[in-house]
Amino acid sequence: MGGCEVDRISNLPPDIIDNILKLLSLTDAVRTSILSRGWRYKWLTIPHLVFDDNFLWKLPDRHTDIASIISQVLSLHKGSIVKFSLEIYSPSIQSRDIDDYLLFLSNHRIKECKLYYSSVHPISLFLFTFDHLRHLYLVCVKLRPLSTFKGFGRLVRLHLENVHFAPGEFKLFICKCPMLEYLQIEYTGYNTFADLENIDFFGRCVVPLQLPRDLDCLRILRLLLISFTCISEVSFALCLIKSSPNMHNLEVKLSERDDMQMTAEYLMKMRKECGFSLSRLDYVKIECFSGCETEMEFVKLLLSAAISYLLFTFPSFMQVRSAICWRRPMAVSSVVAAIADLVVGRQDCPRRLHFPLFGPSGNMDSDLHRLSASLSLTEEEDVGEVMPTGVWHTDPTAHGFLVVGRLLSSRSFHPDALQSTLPSVFNPVRGMEFRMIEGDRFLLKFFHALDRQRVMD
Amino acid sequence: MARKNRNPVGKNVDPEAQKKKTRTLTLKSSDGQEFSISESAAVLSIAIENMVEDDCAGGVIPLPLVDGGTLARVITYLNKHAEDGASDEEKRKFDEEFVSGMEMGVLFDVVLAANYLDIRGLLREVRRRIADRMKNKSVEWVRKTFHIESDFTPEEEEQMKKEFAWAWEGVDSDVDD
């Protein structure tokens with residue numbers, strides 16, 4: 001057995017030490033250099049260099065010149081670097097500095113690269129020589145690949161946030177990433193969308209172009225902050241969906257909404273004429289769903305696939321308030337009715353459907369019954385996540401902001417599943433507590449009156 | 001979002017897998033203790049799997065670099081991970097408790113054994129546990145915890161601290177956790 005007073009760590013095989021150092025933050029790793037002579041140069045061979053918030057927070061206040069710290073680390077580094085992650089915004093890091101890092105890194109076989117620019121800046125062309133890349137995560141850049149760009153043949157995950165392309169270039173770029181399995185696009189420039197749009201002679205949008213080449217490997221597509229007000233954004237989404245025959249998961253987060261008749265009509269036309277074959281699509285999540293016509297048309301289009309899991313979330317109270325141009329979301333009961341109309345009677349209707357269905361209003365119950373009758377939960381399905389739905393009675397004398405709920409569904413349900421689902425359904429600003437009381441009743445406690453108000457509404 | 005496959009066990013009636021469950025191997029530690037273990041658990045060690053495949057196992061597999069106490073621990077780990085019906089969550093919990101109870105000396109015995117036997121999961125757990133003892137700690141604390149003796153002169157140390165002046169602050173206070 002190991003003696004207690006012996007230095008055993010210093011004599012571990014080098015690859016074990018390397019792997020231990022890899023788990024430390026860069027600052028922790030640098031500190032090991034002073035442990036003893038044997039440790040002096042061990043940290044220099046760490047293949048992962050991560051400059052993140054964790055790194056930033058630990059820096060003493062007087063060390064604000066982060067750019068030169070990064071340069072120092074890079075210039076001392078020995079051996080190969082496979083991951084370079086710059087996840088901080090700092091005024092001391094200029095775009096020029098990042099270009100220098102990329103020049104340095106182009107000598108290495110970088111597999112994972114994450115870069116945050118603080119203002120939209122054309123990225124150094126050296127990035128396009130990183131042909132071992134598997135993960136690429138870019139924030140705030142302009143991507144201008146040269147025509148000679150051969151593509152990222154090994155790229156499997158791509159995350160683009162506020163990334164801008166010149167017209168026509170997104171299409172070319174994405175098709176040069178044939179192994180892509182995961183694509184997330186968040187708030188991208190107008191040109192990126194316009195790029196895919198096909199404008200006819202009268203200035204109207206016609207069929208979205210399919211990408212020149214299908215994204216055969218793409219399984220997960222996440223489009224965040226996409227606006228259905230704008231036809232070009234809708235057609236962009238449709239184009240990606242249409243070009244991803246093996247897509248399994250689709251997540252869409254909607255941003256500003258003004259119901260546009262034109263967009264709704266466009267979506268309807270696409271659904272009827274364009275033959276979307278979404279044979280593999282299985283899981284769809286739509287965040288900030290308001291139930292407006294455009295969005296309903298989008299859901300109809302997606303329902304041409306046999307989706308087994310369909311999840312909606314509503315904009316939270318804060319989200320509605322903070323966005324000036326947002327319409328007030330449609331009354332929940334009408335959304336339920338509309339979804340029921342879509343789903344009921346279908347052979348292949350989703351086996352699980354999640355959306356916030358609360359409020360003691362009108363004829364919602366009958367819609368719910370229509371819905372639950374049509375959901376064909378099969379035997380092996382676990383009985384948990386049935387639709388949570390409730391009739392609410394507030395007890396004004398109780399402390400805090402309490403709501404008593406009862407599960408209307410006659411199916412058995414699992415309290416844990418309900419407990420984990422409800423917070424995401426309500427999005428309470430101040431959090432909430434959940435407790436089963438008796439039978440099918442449960443108690444919800446909110447910590448802010450507005451949260452409770454919103455739920456009751 | 002629990003969309004895991006619902007029938008993880010029971011469906012695949014692979015005769016080879018069944019055989020592995022019933023066949024047992026004997027592992028012999030450096031101090032001569034013998035342990036019997038099902039083949040399905042033993043082959044979670046890539047090194048043992050190779051020995052079995054090359055058929056150089058015979059009846060007893062000698063492991064001259066692993067002592068009995070350490071081997072017993074490793075076998076506990078292997079048995080848990082080969083257990084039918086143990087969920088990923090259960091295994092994760094087990095892993096956490098398994099390494100968090102270990103004294104420093106034992107951690108090093110196990111990390112060397114896991115390295116030698118090529119048991120990736122175990123190696124990862126123990127490495128993580130060791131790294132956790134270094135995270136956000138001062139140089140003095142790490143030296144004390146791991147019994148590392150500094151052979152730098154105070155002047156050299158001062159010099160190096162200047163070189164990486166940004167790396168010495170923001171550590172936890174030197175209290176045992």
# chains A, B, ... in the order shown; residues from 1 in each chain; ligands from 1
$ interface_residues --of "chain B" --to "chain A" --cutoff "7 Å" --atoms "only C-alpha atoms" --output "list of chain:residue names"
B:Gly105, B:Val106, B:Asp109, B:Arg127, B:Arg128, B:Ala131, B:Lys135, B:Asn136, B:Val139, B:Arg143, B:Phe146, B:His147, B:Ile148, B:Glu149, B:Ser150, B:Asp151, B:Phe152, B:Glu157, B:Trp166, B:Ala167, B:Trp168, B:Glu169, B:Gly170
$ residues_around --residues "segment 112-129 of chain A" --least-positions-apart "4" --cutoff "7 Å" --atoms "only C-alpha atoms" --output "PyMOL selection string"
chain A and resi 82-89+95+99+102-103+106+133-145+149
$ select_by_dssp --residues "segment 7-150 of chain B" --states "strand (DSSP E or B)" --output "compact mmCIF listing (two decimals) with C-alpha atoms, in the first residue's frame"
# COMPACT_ATOMS: atom_id res chain seq x y z
CA THR B 24 -14.77 -17.03 -14.71
CA LEU B 25 -11.12 -16.11 -14.75
CA THR B 26 -8.63 -16.08 -11.93
CA LEU B 27 -6.42 -13.05 -11.41
CA LYS B 28 -3.29 -13.39 -9.34
CA GLU B 34 -6.00 -15.11 -6.23
CA PHE B 35 -9.30 -13.54 -7.17
CA SER B 36 -11.96 -15.02 -9.38
CA ILE B 37 -13.95 -12.72 -11.60
CA SER B 38 -16.43 -13.22 -14.41
CA VAL B 60 -4.69 -17.98 -13.98
CA ILE B 61 -3.72 -14.50 -15.12
CA PRO B 62 -0.72 -13.20 -13.19
$ atom_distance --atom1 "atom CA of Val74 of chain B" --atom2 "atom CA of Leu123 of chain B"
10.6 Å
$ closest_residue --among "B:Ala17, B:Met51, B:Trp141, B:Glu158" --to "Asp172 of chain B" --atoms "only C-alpha atoms"
B:Trp141
$ atom_distance --atom1 "atom CA of Pro64 of chain B" --atom2 "atom CA of Asp31 of chain B"
8.0 Å
$ closest_residue --among "B:Phe98, B:Gly32, B:Arg120, B:Asp88" --to "Asp67 of chain B" --atoms "only C-alpha atoms"
B:Gly32
$ select_by_dssp --residues "segment 220-320 of chain A" --states "alpha helix (DSSP H)" --output "ChimeraX atom specification"
/A:231-242,261-273,293-302,317-320
$ closest_residue --among "B:Ser100, B:Ser173, B:Glu155, B:Ile48" --to "Lys137 of chain B" --atoms "only C-alpha atoms"
B:Ser173
$ residues_around --residues "Cys217 of chain A" --least-positions-apart "5" --cutoff "10 Å" --atoms "only C-alpha atoms" --output "MDAnalysis selection string"
chainID A and resid 156 177:182 244:247
